[in-house]
$ cat my_file19.txt   # compact mmCIF, C-alpha atoms and all ligand atoms
# COMPACT_ATOMS: atom_id res chain seq x y z
CA MET A 1 95.39 64.97 85.19
CA ASN A 2 97.33 66.16 88.24
CA ASP A 3 98.57 63.68 90.85
CA ILE A 4 98.14 65.29 94.26
CA PRO A 5 100.92 64.08 96.57
CA SER A 6 100.26 64.05 100.30
CA LEU A 7 102.05 66.81 102.23
CA GLU A 8 104.67 64.36 103.47
CA GLU A 9 105.23 62.89 99.99
CA PHE A 10 105.60 66.39 98.69
CA ARG A 11 108.04 67.35 101.46
CA THR A 12 110.21 64.36 100.53
CA GLU A 13 110.04 65.23 96.83
CA VAL A 14 111.01 68.88 97.43
CA ARG A 15 113.81 67.92 99.82
CA GLU A 16 115.30 65.39 97.41
CA TRP A 17 115.04 67.71 94.42
CA MET A 18 116.50 70.69 96.26
CA SER A 19 119.39 68.76 97.76
CA ALA A 20 120.26 67.47 94.26
CA ASN A 21 119.79 70.76 92.40
CA LEU A 22 120.21 73.82 94.64
CA ASP A 23 122.97 75.32 96.77
CA VAL A 24 122.49 75.38 100.53
CA ARG A 25 121.98 78.85 101.96
CA THR A 26 124.67 79.99 104.38
CA PRO A 27 123.78 82.68 106.95
CA ASP A 28 126.11 85.38 105.63
CA ALA A 29 126.61 84.04 102.11
CA ARG A 30 126.19 87.44 100.49
CA ALA A 31 127.88 90.70 101.29
CA PRO A 32 125.43 93.22 102.75
CA ARG A 33 123.88 95.37 100.03
CA HIS A 34 122.54 98.80 100.66
CA ASN A 35 120.52 99.42 97.53
CA ASP A 36 119.37 97.41 94.52
CA ASP A 37 121.97 98.44 91.98
CA HIS A 38 123.55 94.95 91.94
CA TYR A 39 120.60 93.59 89.92
CA THR A 40 122.52 93.88 86.67
CA ALA A 41 121.48 92.11 83.47
CA GLU A 42 124.25 89.54 84.03
CA TYR A 43 123.16 88.83 87.62
CA LEU A 44 119.52 88.54 86.56
CA ALA A 45 120.45 86.09 83.79
CA THR A 46 121.84 83.71 86.43
CA GLN A 47 118.66 84.10 88.52
CA ARG A 48 116.43 83.49 85.50
CA ALA A 49 118.39 80.27 84.83
CA LEU A 50 117.75 79.20 88.43
CA GLN A 51 114.03 79.93 88.04
CA ARG A 52 114.01 77.80 84.84
CA LYS A 53 115.59 74.96 86.80
CA LEU A 54 112.73 75.10 89.34
CA PHE A 55 110.21 75.21 86.48
CA GLU A 56 111.75 72.18 84.79
CA GLY A 57 111.73 70.38 88.15
CA ARG A 58 107.94 71.13 88.37
CA LEU A 59 108.54 73.25 91.46
CA ALA A 60 107.60 76.70 90.12
CA GLY A 61 104.07 77.97 90.77
CA ILE A 62 103.12 75.38 93.39
CA THR A 63 99.49 76.61 93.55
CA TRP A 64 99.26 77.81 89.93
CA PRO A 65 97.19 75.79 87.43
CA VAL A 66 98.81 72.74 85.82
CA GLU A 67 97.64 73.74 82.31
CA TYR A 68 99.87 76.83 82.49
CA GLY A 69 102.93 75.05 83.88
CA GLY A 70 102.15 75.30 87.60
CA ARG A 71 101.75 72.40 89.98
CA GLY A 72 98.07 72.87 90.86
CA LEU A 73 98.59 72.10 94.57
CA SER A 74 97.14 73.61 97.75
CA GLY A 75 98.28 76.48 99.96
CA ALA A 76 99.41 73.84 102.48
CA HIS A 77 101.76 72.39 99.83
CA GLN A 78 103.07 75.92 99.25
CA VAL A 79 103.85 76.19 102.97
CA VAL A 80 105.74 72.87 102.83
CA PHE A 81 107.69 74.13 99.83
CA SER A 82 108.59 77.38 101.66
CA GLU A 83 109.68 75.48 104.79
CA VAL A 84 112.05 73.22 102.85
CA ALA A 85 113.22 76.05 100.58
CA ALA A 86 114.20 78.22 103.56
CA THR A 87 117.59 76.47 103.70
CA TYR A 88 118.37 76.69 99.96
CA VAL A 89 119.35 79.45 97.57
CA LEU A 90 116.30 80.36 95.47
CA PRO A 91 116.13 82.79 92.53
CA ASP A 92 116.74 86.37 93.69
CA PHE A 93 114.80 88.93 91.69
CA GLY A 94 114.51 91.34 94.63
CA LYS A 95 111.15 93.13 94.78
CA THR A 96 110.52 92.12 91.16
CA TYR A 97 109.81 88.65 92.53
CA GLN A 98 106.79 90.10 94.33
CA THR A 99 105.53 92.18 91.39
CA THR A 100 105.88 89.21 89.02
CA TYR A 101 104.86 86.19 91.11
CA GLY A 102 102.90 87.88 93.92
CA VAL A 103 100.92 90.52 92.02
CA CYS A 104 100.96 90.49 88.20
CA GLY A 105 100.96 86.68 87.79
CA PRO A 106 97.99 86.08 90.13
CA THR A 107 96.11 89.03 88.56
CA LEU A 108 96.64 87.59 85.07
CA LEU A 109 95.51 84.15 86.26
CA ALA A 110 92.35 85.70 87.73
CA CYS A 111 91.50 88.17 84.94
CA ALA A 112 93.19 87.43 81.58
CA SER A 113 91.79 85.27 78.77
CA ASP A 114 92.80 81.61 78.45
CA GLU A 115 94.72 82.42 75.28
CA PHE A 116 96.63 85.21 77.06
CA LYS A 117 97.44 82.94 80.00
CA ALA A 118 98.64 80.12 77.73
CA ARG A 119 101.03 82.59 76.05
CA HIS A 120 102.42 84.28 79.16
CA ILE A 121 102.05 82.20 82.32
CA PRO A 122 104.47 79.36 81.40
CA ARG A 123 107.06 81.98 80.41
CA ILE A 124 106.57 83.77 83.74
CA LEU A 125 107.03 80.53 85.66
CA ALA A 126 110.15 79.70 83.64
CA GLY A 127 111.74 83.08 84.46
CA ASP A 128 111.53 84.31 80.84
CA GLU A 129 109.11 87.13 81.70
CA LEU A 130 109.44 89.45 84.69
CA TRP A 131 106.61 91.95 85.15
CA ALA A 132 106.32 95.52 86.46
CA GLN A 133 103.18 97.42 87.47
CA PHE A 134 102.29 100.60 85.57
CA PHE A 135 99.36 102.03 87.50
CA SER A 136 100.32 105.15 89.50
CA GLU A 137 100.53 108.50 87.76
CA PRO A 138 101.53 111.99 88.87
CA ASP A 139 97.83 112.77 89.63
CA ALA A 140 96.64 109.28 90.51
CA GLY A 141 98.00 107.41 93.53
CA SER A 142 95.49 106.79 96.33
CA ASP A 143 92.85 108.05 93.92
CA LEU A 144 93.85 105.56 91.25
CA ALA A 145 90.69 105.87 89.16
CA ASN A 146 91.83 109.42 88.38
CA ILE A 147 94.39 108.16 85.82
CA SER A 148 94.70 110.05 82.56
CA THR A 149 96.80 107.69 80.40
CA ARG A 150 94.67 107.02 77.33
CA ALA A 151 94.36 104.00 75.06
CA VAL A 152 92.76 104.57 71.66
CA ARG A 153 91.78 101.71 69.34
CA SER A 154 93.64 101.59 66.01
CA GLY A 155 92.78 98.52 63.93
CA GLU A 156 94.02 95.42 65.78
CA ASP A 157 96.08 97.57 68.16
CA TRP A 158 95.61 100.09 70.93
CA VAL A 159 97.73 103.24 71.06
CA LEU A 160 98.68 104.36 74.58
CA SER A 161 99.77 107.86 75.62
CA GLY A 162 100.41 109.29 79.08
CA THR A 163 102.78 109.25 82.05
CA LYS A 164 103.24 106.55 84.69
CA SER A 165 105.18 107.22 87.90
CA TRP A 166 106.86 105.37 90.76
CA THR A 167 107.23 102.15 88.80
CA SER A 168 109.48 99.77 90.70
CA PHE A 169 112.46 98.16 88.95
CA VAL A 170 111.15 98.47 85.43
CA GLU A 171 114.60 98.01 83.89
CA ARG A 172 114.64 94.36 85.06
CA CYS A 173 111.29 93.58 83.51
CA ASP A 174 110.01 92.26 80.19
CA PHE A 175 106.41 93.49 80.50
CA GLY A 176 104.50 96.23 82.31
CA LEU A 177 100.88 95.71 83.37
CA CYS A 178 99.39 99.07 82.48
CA LEU A 179 96.10 100.75 83.42
CA ALA A 180 94.67 103.12 80.80
CA ARG A 181 91.44 104.98 80.07
CA THR A 182 89.64 103.62 77.01
CA ASP A 183 86.45 105.68 77.46
CA SER A 184 86.03 109.08 79.12
CA THR A 185 82.27 109.43 78.79
CA GLY A 186 81.20 107.69 82.04
CA GLY A 187 82.16 107.91 85.73
CA LYS A 188 85.83 107.74 86.60
CA HIS A 189 85.69 104.06 87.61
CA ASP A 190 84.19 103.18 84.21
CA GLY A 191 86.04 103.11 80.90
CA LEU A 192 89.31 101.72 82.32
CA THR A 193 91.21 98.81 80.72
CA TRP A 194 94.49 96.96 81.45
CA PHE A 195 97.16 96.15 78.87
CA ALA A 196 100.46 94.28 78.81
CA ILE A 197 103.18 96.54 77.40
CA ARG A 198 106.38 94.88 76.18
CA ILE A 199 109.58 96.42 77.58
CA PRO A 200 111.19 97.95 75.61
CA SER A 201 108.57 99.21 73.13
CA GLU A 202 108.71 101.96 70.56
CA GLY A 203 107.36 105.17 72.14
CA LEU A 204 108.08 104.01 75.72
CA ALA A 205 110.70 106.17 77.45
CA ILE A 206 111.92 105.21 80.92
CA ARG A 207 113.39 107.85 83.21
CA PRO A 208 115.07 106.44 86.35
CA VAL A 209 114.51 108.30 89.63
CA ARG A 210 117.57 108.55 91.91
CA GLN A 211 116.54 107.87 95.52
CA ILE A 212 117.70 109.08 98.91
CA ASP A 213 119.54 105.74 99.50
CA GLY A 214 121.54 106.20 96.28
CA GLY A 215 119.70 103.48 94.36
CA THR A 216 117.38 103.82 91.35
CA GLY A 217 114.53 101.53 92.29
CA PHE A 218 111.89 103.70 90.65
CA SER A 219 111.27 105.25 87.31
CA GLU A 220 108.81 107.37 85.45
CA GLU A 221 107.53 106.17 82.07
CA LEU A 222 106.49 108.40 79.24
CA LEU A 223 104.16 106.65 76.81
CA ALA A 224 104.09 108.48 73.49
CA GLY A 225 101.92 106.44 71.14
CA VAL A 226 102.95 102.97 72.37
CA ARG A 227 101.20 100.34 70.18
CA VAL A 228 99.84 97.31 72.01
CA PRO A 229 98.07 94.49 70.13
CA ASP A 230 94.51 93.81 71.33
CA ARG A 231 95.53 90.25 72.27
CA GLU A 232 97.70 91.85 75.00
CA ARG A 233 94.62 93.33 76.69
CA VAL A 234 93.89 91.95 80.19
CA GLY A 235 90.18 91.58 80.93
CA ALA A 236 87.27 93.09 79.00
CA VAL A 237 87.39 96.60 77.55
CA GLY A 238 86.00 98.97 80.19
CA ASP A 239 86.23 96.37 82.97
CA GLY A 240 89.56 97.67 84.30
CA TRP A 241 88.31 98.69 87.74
CA ALA A 242 87.40 95.07 88.59
CA VAL A 243 90.90 94.00 87.47
CA THR A 244 92.38 96.87 89.54
CA ARG A 245 90.63 95.68 92.68
CA SER A 246 91.93 92.19 92.09
CA MET A 247 95.47 93.46 91.55
CA LEU A 248 95.43 95.70 94.62
CA SER A 249 94.17 92.89 96.82
CA PHE A 250 96.95 90.59 95.58
CA GLU A 251 99.47 93.38 96.11
CA ARG A 252 98.31 94.09 99.64
CA ASP A 253 98.31 90.52 100.80
CA SER A 254 101.25 89.11 98.84
CA GLU A 255 103.57 89.76 101.75
CA SER A 256 101.28 87.82 104.10
CA ARG A 257 101.27 84.90 101.68
CA SER A 258 105.03 84.82 101.25
CA GLN A 259 105.77 84.79 104.97
CA GLY A 260 104.12 84.01 108.23
CA VAL A 261 104.37 80.25 108.50
CA ASN A 262 105.69 80.36 112.07
CA LEU A 263 103.35 80.78 115.00
CA ALA A 264 105.99 80.35 117.71
CA PRO A 265 108.24 83.32 118.50
CA GLY A 266 111.68 82.92 116.92
CA PRO A 267 115.04 84.03 118.32
CA LEU A 268 116.13 87.66 118.29
CA SER A 269 116.84 88.45 114.66
CA PRO A 270 120.54 88.42 113.61
CA ASP A 271 120.70 92.09 112.54
CA ILE A 272 119.31 93.33 115.87
CA THR A 273 121.57 90.91 117.78
CA ARG A 274 124.64 92.27 115.96
CA LEU A 275 123.63 95.89 116.63
CA ALA A 276 122.79 95.23 120.28
CA VAL A 277 126.08 93.42 120.92
CA ALA A 278 128.03 96.27 119.30
CA ALA A 279 126.09 98.86 121.34
CA GLY A 280 126.65 96.99 124.63
CA ILE A 281 124.00 94.44 125.54
CA GLU A 282 124.56 95.06 129.28
CA SER A 283 122.87 98.46 128.93
CA ALA A 284 119.18 98.43 129.96
CA SER A 285 118.22 100.85 127.18
CA VAL A 286 119.90 98.63 124.55
CA ARG A 287 118.04 95.59 125.85
CA GLN A 288 114.80 97.59 125.81
CA LEU A 289 115.34 98.58 122.16
CA ALA A 290 116.23 95.01 121.15
CA ALA A 291 113.06 93.76 122.89
CA THR A 292 110.96 96.40 121.09
CA ALA A 293 112.28 95.21 117.71
CA HIS A 294 111.71 91.58 118.67
CA VAL A 295 108.10 92.16 119.76
CA GLY A 296 107.41 94.11 116.54
CA ASP A 297 108.85 91.25 114.44
CA TYR A 298 106.73 88.73 116.30
CA VAL A 299 103.53 90.79 116.00
CA LYS A 300 104.08 91.28 112.26
CA GLU A 301 104.64 87.58 111.74
CA GLN A 302 101.47 86.77 113.68
CA VAL A 303 99.41 89.22 111.62
CA TYR A 304 100.82 87.69 108.41
CA ALA A 305 100.16 84.15 109.61
CA ARG A 306 96.58 84.97 110.65
CA ALA A 307 95.97 86.83 107.39
CA ALA A 308 97.48 84.03 105.25
CA ALA A 309 95.30 81.48 107.05
CA VAL A 310 92.04 83.31 106.27
CA LEU A 311 92.91 84.61 102.82
CA GLY A 312 92.94 81.35 100.86
CA ALA A 313 94.25 80.97 97.32
CA THR A 314 92.07 83.46 95.43
CA ALA A 315 92.04 87.26 95.45
CA PRO A 316 91.00 88.25 98.98
CA PRO A 317 88.61 91.10 99.69
CA LEU A 318 90.47 94.41 99.85
CA GLY A 319 89.51 94.93 103.52
CA ALA A 320 91.02 91.61 104.66
CA ALA A 321 94.16 92.19 102.60
CA ALA A 322 94.67 95.54 104.32
CA TYR A 323 95.69 94.04 107.68
CA GLY A 324 99.06 92.58 106.62
CA LYS A 325 99.84 95.64 104.52
CA LEU A 326 99.06 97.98 107.43
CA ALA A 327 101.20 95.87 109.78
CA SER A 328 104.23 96.47 107.53
CA GLY A 329 103.33 100.12 107.10
CA ILE A 330 103.33 100.69 110.87
CA LEU A 331 105.98 98.27 112.11
CA ASP A 332 108.69 98.73 109.45
CA PRO A 333 109.31 102.43 110.21
CA ALA A 334 109.27 101.69 113.96
CA ARG A 335 111.86 98.92 113.53
CA ALA A 336 114.00 101.14 111.32
CA ARG A 337 114.06 103.76 114.09
CA VAL A 338 115.19 101.14 116.63
CA GLY A 339 118.01 100.15 114.25
CA MET A 340 119.17 103.77 114.07
CA GLU A 341 119.09 104.17 117.85
CA LEU A 342 121.09 100.97 118.34
CA GLY A 343 123.49 101.73 115.49
CA GLY A 344 124.30 105.25 116.72
CA MET A 345 127.00 107.05 114.74
CA ALA A 346 127.83 103.98 112.62
CA ALA A 347 124.27 104.04 111.28
CA SER A 348 124.45 107.72 110.34
CA VAL A 349 127.86 108.14 108.72
CA TRP A 350 130.03 105.48 107.17
CA SER A 351 132.93 105.00 104.82
CA THR A 352 132.23 103.55 101.37
CA LEU A 353 134.45 100.59 102.37
CA ASP A 354 132.34 99.78 105.43
CA VAL A 355 130.07 96.85 104.58
CA ALA A 356 128.53 96.34 108.03
CA GLY A 357 127.70 99.87 109.24
CA PRO A 358 125.21 101.23 106.69
CA ASP A 359 122.43 98.61 107.02
CA PRO A 360 120.41 100.36 109.74
CA GLY A 361 120.98 103.75 108.05
CA THR A 362 119.61 102.61 104.69
CA ALA A 363 116.81 100.67 106.40
CA TYR A 364 115.81 103.94 108.06
CA LEU A 365 115.86 105.84 104.75
CA ASN A 366 113.73 103.10 103.15
CA GLY A 367 111.59 102.35 106.22
CA ARG A 368 108.54 104.28 105.06
CA MET A 369 108.19 102.42 101.75
CA TYR A 370 105.47 100.08 102.90
CA SER A 371 103.52 102.84 104.56
CA ILE A 372 103.00 104.24 101.02
CA ALA A 373 103.58 101.59 98.32
CA GLY A 374 100.49 99.77 97.04
CA GLY A 375 98.19 102.06 99.04
CA ALA A 376 99.19 104.31 101.95
CA ASN A 377 98.43 103.42 105.61
CA GLU A 378 95.44 105.77 105.60
CA MET A 379 93.95 103.92 102.63
CA GLN A 380 94.39 100.58 104.44
CA ARG A 381 92.66 102.03 107.51
CA ASN A 382 89.83 103.29 105.28
CA ALA A 383 89.48 99.82 103.74
CA ILE A 384 89.31 98.13 107.16
CA ALA A 385 86.88 100.75 108.52
CA GLU A 386 84.52 100.63 105.56
CA ARG A 387 84.80 97.05 104.29
CA VAL A 388 85.41 95.07 107.48
CA LEU A 389 83.96 97.14 110.32
CA GLY A 390 81.06 98.50 108.28
CA LEU A 391 81.65 102.10 109.33
CA PRO A 392 80.10 104.82 107.15
CA ARG A 393 82.01 105.67 103.98
CA GLU A 394 83.91 108.92 103.81
CA PRO A 395 82.12 111.69 101.88
CA ARG A 396 83.16 111.24 98.20
CA GLU A 397 82.45 114.38 96.17
CA ASP A 398 84.00 112.75 93.09
CA LEU A 399 81.29 110.05 93.05
CA SER A 400 78.24 112.31 93.41
C1 LIG B 1 108.27 101.69 97.50
C2 LIG B 1 107.19 102.07 96.52
C3 LIG B 1 106.99 101.28 95.38
C4 LIG B 1 106.01 101.62 94.46
N1 LIG B 1 105.90 100.86 93.32
C5 LIG B 1 104.98 101.18 92.39
C6 LIG B 1 104.89 100.41 91.18
O1 LIG B 1 105.67 99.48 90.95
N2 LIG B 1 103.97 100.76 90.26
C7 LIG B 1 103.11 101.80 90.46
O2 LIG B 1 102.27 102.03 89.59
N3 LIG B 1 103.17 102.56 91.61
C8 LIG B 1 104.09 102.28 92.57
N4 LIG B 1 104.19 103.04 93.73
C9 LIG B 1 103.30 104.17 93.91
C10 LIG B 1 102.28 103.95 95.05
O3 LIG B 1 101.30 103.00 94.69
C11 LIG B 1 101.68 105.31 95.41
O4 LIG B 1 102.74 106.10 95.94
C12 LIG B 1 100.59 105.18 96.46
O5 LIG B 1 99.43 104.60 95.90
C13 LIG B 1 100.22 106.56 97.08
O6 LIG B 1 99.95 107.47 96.07
P1 LIG B 1 100.64 108.91 96.04
O7 LIG B 1 102.10 108.72 96.20
O8 LIG B 1 100.15 109.59 94.80
O9 LIG B 1 100.13 109.65 97.34
P2 LIG B 1 98.75 110.43 97.48
O10 LIG B 1 97.65 109.59 96.93
O11 LIG B 1 98.92 111.81 96.92
O12 LIG B 1 98.59 110.52 99.05
C14 LIG B 1 99.24 111.52 99.84
C15 LIG B 1 98.79 111.35 101.29
O13 LIG B 1 97.37 111.60 101.39
C16 LIG B 1 96.72 110.51 102.03
N5 LIG B 1 95.39 110.30 101.43
C17 LIG B 1 95.06 110.32 100.12
N6 LIG B 1 93.75 110.04 99.95
C18 LIG B 1 93.24 109.83 101.19
C19 LIG B 1 91.93 109.49 101.68
N7 LIG B 1 90.89 109.30 100.86
N8 LIG B 1 91.78 109.33 103.02
C20 LIG B 1 92.82 109.51 103.88
N9 LIG B 1 94.08 109.84 103.48
C21 LIG B 1 94.28 110.00 102.15
C22 LIG B 1 97.61 109.31 101.75
O14 LIG B 1 97.41 108.30 102.70
C23 LIG B 1 99.00 109.94 101.84
O15 LIG B 1 99.41 110.02 103.18
C24 LIG B 1 105.17 102.75 94.67
C25 LIG B 1 105.37 103.55 95.81
C26 LIG B 1 106.36 103.23 96.72
C27 LIG B 1 106.56 104.10 97.93
$ encode --input "my_file19.txt" --output "structure tokens"
Amino acid sequence: MNDIPSLEEFRTEVREWMSANLDVRTPDARAPRHNDDHYTAEYLATQRALQRKLFEGRLAGITWPVEYGGRGLSGAHQVVFSEVAATYVLPDFGKTYQTTYGVCGPTLLACASDEFKARHIPRILAGDELWAQFFSEPDAGSDLANISTRAVRSGEDWVLSGTKSWTSFVERCDFGLCLARTDSTGGKHDGLTWFAIRIPSEGLAIRPVRQIDGGTGFSEELLAGVRVPDRERVGAVGDGWAVTRSMLSFERDSESRSQGVNLAPGPLSPDITRLAVAAGIESASVRQLAATAHVGDYVKEQVYARAAAVLGATAPPLGAAAYGKLASGILDPARARVGMELGGMAASVWSTLDVAGPDPGTAYLNGRMYSIAGGANEMQRNAIAERVLGLPREPREDLS
């Protein structure tokens, strides 16, 4: 039995709990960070403890089912939570927050067995399990059904072999949600199955990839006979494409869900204000660049808010989810370019002691991430064209 508080009752509850249990966020509380290398095991342990605190206060998983440790409330309650939480320090898992709570968790809730969910979901909400996504491979990105990682049944286990690529932040995670081929006799969308691989596991080798910004946010995984018990299978054997579609739709709209509560335009964002002031706000071209960034921020927020309003709590259709994803894929690189133009030399070359200069430079180097990750811009346009606008499908030789 779940008592549903009214939105105002819930706002009061969240406010009181947060003011008693969390630190207030200060605008520049943390030193600027230019890659993700500060997510050490020690740092993550403190963030996991903070997540456990939320869980014990019944404020983790606001919309997730009560039987698995969530609160079972509505999307409107989630918005109230986010509004109050905006002024407090919440657990910081970086992008792993999105893969765990925005993508893998909702996919497991939608597709895994009750027994699987009872074992994993409370631990996810308590911060004991962080999850990575093992789906891309060297020959399977946009064409994901082309994967060649195999899973072969061996008694009560499955044995997985293959290579996964571009996995984000695997070293922080406790499990990887992995797509594998369990049957090669049918079409490429058939015979696929998802598994939860424990990290570390015998036979699982992780090779970090050093990026252009100096960080190691990605890795490649070599699976050489990794044993996974059948109880760690997600969804039915051979039903992996349905799970994939669910996961991709959560991935593409998770950003819309996590943001976009404001319909009114906000003030000029602090990073652009700082850059514009340093560049000389009296210059017409500086003001023009600042306005361009501001309009882009506002448009993105509107797209997110509109998308979040129509998407609801369950996995949205892939076409609808594409809008928010495409907004990031187009607007993030454009904003990163504005930052470089405003930052000038300080954004291009800096001393290792300089904490303020490098932000626009690293944002520029990373600015294309969302035009590729989770499905490139072209794939989002294809999804909108075919699934929303009803335009003819592209010729698909691989399906004939
Ligand atoms: C920041 C980031 C994080 C990521 N994190 C993860 C992760 O955690 N786990 C994971 O498994 N993967 C991850 N990825 C991988 C990501 O999902 C793939 O890079 C993405 O799906 C694109 O695949 P690809 O790189 O193989 O490019 P390709 O599929 O080779 O595409 C190359 C180009 O061809 C275009 N193209 C391909 N097919 C079509 C078509 N039919 N119509 C029109 N254009 C087409 C694409 O749009 C793109 O421009 C991540 C990637 C990035 C950038």
$ closest_atom_pairs --input "my_file19.txt" --of "chain A" --to "ligand LIG 1 (chain B)" --cutoff "10 Å" --atoms "only C-alpha atoms and all ligand atoms" --output "CSV"
residue,atom,partner,partner_atom,distance
A:Lys95,CA,B:LIG1,C3,9.2
A:Thr96,CA,B:LIG1,O1,8.8
A:Thr99,CA,B:LIG1,O1,7.3
A:Trp131,CA,B:LIG1,O1,9.6
A:Ala132,CA,B:LIG1,O1,6.0
A:Gln133,CA,B:LIG1,N2,4.4
A:Phe134,CA,B:LIG1,O2,4.3
A:Phe135,CA,B:LIG1,O2,3.6
A:Ser136,CA,B:LIG1,O2,3.7
A:Glu137,CA,B:LIG1,O2,6.9
A:Pro138,CA,B:LIG1,O8,6.5
A:Asp139,CA,B:LIG1,O8,6.5
A:Ala140,CA,B:LIG1,O8,5.6
A:Gly141,CA,B:LIG1,O6,3.2
A:Ser142,CA,B:LIG1,O10,3.6
A:Asp143,CA,B:LIG1,O10,5.9
A:Leu144,CA,B:LIG1,O5,7.3
A:Lys164,CA,B:LIG1,O2,6.7
A:Ser165,CA,B:LIG1,O2,6.2
A:Trp166,CA,B:LIG1,C8,4.5
A:Thr167,CA,B:LIG1,C6,3.8
A:Ser168,CA,B:LIG1,O1,3.8
A:Phe169,CA,B:LIG1,O1,7.2
A:Val170,CA,B:LIG1,O1,7.8
A:Gly176,CA,B:LIG1,N2,9.2
A:Leu177,CA,B:LIG1,O2,9.0
A:Cys178,CA,B:LIG1,O2,8.2
A:Leu179,CA,B:LIG1,O2,8.8
A:Gly217,CA,B:LIG1,C1,8.1
A:Phe218,CA,B:LIG1,N1,7.1
A:Ser219,CA,B:LIG1,O1,8.8
A:Glu220,CA,B:LIG1,O2,9.4
A:Leu248,CA,B:LIG1,O3,9.4
A:Glu251,CA,B:LIG1,O3,9.9
A:Asn366,CA,B:LIG1,C1,8.0
A:Gly367,CA,B:LIG1,C1,9.4
A:Arg368,CA,B:LIG1,C27,7.4
A:Met369,CA,B:LIG1,C1,4.3
A:Tyr370,CA,B:LIG1,C1,6.3
A:Ser371,CA,B:LIG1,C27,7.4
A:Ile372,CA,B:LIG1,C27,4.7
A:Ala373,CA,B:LIG1,C26,3.6
A:Gly374,CA,B:LIG1,O3,4.1
A:Gly375,CA,B:LIG1,O5,4.2
A:Ala376,CA,B:LIG1,O14,4.4
A:Asn377,CA,B:LIG1,O14,5.8
A:Glu378,CA,B:LIG1,O14,4.3
A:Met379,CA,B:LIG1,O14,5.6
A:Gln380,CA,B:LIG1,O14,8.5
A:Arg381,CA,B:LIG1,C20,8.3
A:Asn382,CA,B:LIG1,N8,6.7
A:Ala383,CA,B:LIG1,N8,9.8
A:Glu394,CA,B:LIG1,N7,7.6
A:Pro395,CA,B:LIG1,N7,9.1
A:Arg396,CA,B:LIG1,N7,8.4
$ atom_distance --input "my_file19.txt" --atom1 "atom CA of A:Leu275" --atom2 "atom CA of A:Ser351"
17.6 Å
$ atom_distance --input "my_file19.txt" --atom1 "atom CA of A:Ala290" --atom2 "atom CA of A:Arg25"
25.7 Å
$ residues_around --input "my_file19.txt" --residues "A:Ile384" --least-positions-apart "3" --cutoff "12 Å" --atoms "all atoms listed in the file" --output "list in words"
Pro317, Leu318, Gly319, Ala320, Ala321, Ala322, Tyr323, Gly324, Lys325, Leu326, Asn377, Glu378, Met379, Gln380, Arg381, Arg387, Val388, Leu389, Gly390, Leu391, Pro392 and Arg393 of chain A
$ write_last_selection --input "my_file19.txt" --atoms "C-alpha atoms" --output "CSV table (one decimal), keeping the file's coordinate frame"
chain,number,residue,atom,x,y,z
A,317,PRO,CA,88.6,91.1,99.7
A,318,LEU,CA,90.5,94.4,99.8
A,319,GLY,CA,89.5,94.9,103.5
A,320,ALA,CA,91.0,91.6,104.7
A,321,ALA,CA,94.2,92.2,102.6
A,322,ALA,CA,94.7,95.5,104.3
A,323,TYR,CA,95.7,94.0,107.7
A,324,GLY,CA,99.1,92.6,106.6
A,325,LYS,CA,99.8,95.6,104.5
A,326,LEU,CA,99.1,98.0,107.4
A,377,ASN,CA,98.4,103.4,105.6
A,378,GLU,CA,95.4,105.8,105.6
A,379,MET,CA,94.0,103.9,102.6
A,380,GLN,CA,94.4,100.6,104.4
A,381,ARG,CA,92.7,102.0,107.5
A,387,ARG,CA,84.8,97.0,104.3
A,388,VAL,CA,85.4,95.1,107.5
A,389,LEU,CA,84.0,97.1,110.3
A,390,GLY,CA,81.1,98.5,108.3
A,391,LEU,CA,81.6,102.1,109.3
A,392,PRO,CA,80.1,104.8,107.2
A,393,ARG,CA,82.0,105.7,104.0
$ atom_distance --input "my_file19.txt" --atom1 "atom CA of A:Asp253" --atom2 "atom CA of A:Val84"
22.2 Å
$ closest_residue --input "my_file19.txt" --among "A:Gly102, A:Arg52, A:Leu7, A:Ala205" --to "A:Gly75" --atoms "only C-alpha atoms"
A:Leu7
$ closest_residue --input "my_file19.txt" --among "A:Glu42, A:Glu171, A:Glu341, A:Glu9" --to "A:Ala279" --atoms "all atoms listed in the file"
A:Glu341
$ residues_around --input "my_file19.txt" --residues "stretch 146-152 of chain A" --least-positions-apart "2" --cutoff "6 Å" --atoms "all atoms listed in the file" --output "count of residues only"
11
$ residues_near_point --input "my_file19.txt" --point "(98.9, 99.3, 70.3)" --cutoff "9 Å" --atoms "all atoms listed in the file" --output "mmCIF file with C-alpha atoms, in the coordinates of the input"
data_model
loop_
_atom_site.group_PDB
_atom_site.id
_atom_site.type_symbol
_atom_site.label_atom_id
_atom_site.label_comp_id
_atom_site.auth_asym_id
_atom_site.auth_seq_id
_atom_site.Cartn_x
_atom_site.Cartn_y
_atom_site.Cartn_z
ATOM 1 C CA ALA A 151 94.360 104.000 75.060
ATOM 2 C CA VAL A 152 92.760 104.570 71.660
ATOM 3 C CA ARG A 153 91.780 101.710 69.340
ATOM 4 C CA SER A 154 93.640 101.590 66.010
ATOM 5 C CA GLY A 155 92.780 98.520 63.930
ATOM 6 C CA GLU A 156 94.020 95.420 65.780
ATOM 7 C CA ASP A 157 96.080 97.570 68.160
ATOM 8 C CA TRP A 158 95.610 100.090 70.930
ATOM 9 C CA VAL A 159 97.730 103.240 71.060
ATOM 10 C CA LEU A 160 98.680 104.360 74.580
ATOM 11 C CA ILE A 197 103.180 96.540 77.400
ATOM 12 C CA GLY A 225 101.920 106.440 71.140
ATOM 13 C CA VAL A 226 102.950 102.970 72.370
ATOM 14 C CA ARG A 227 101.200 100.340 70.180
ATOM 15 C CA VAL A 228 99.840 97.310 72.010
ATOM 16 C CA PRO A 229 98.070 94.490 70.130
ATOM 17 C CA ASP A 230 94.510 93.810 71.330
ATOM 18 C CA GLU A 232 97.700 91.850 75.000
#
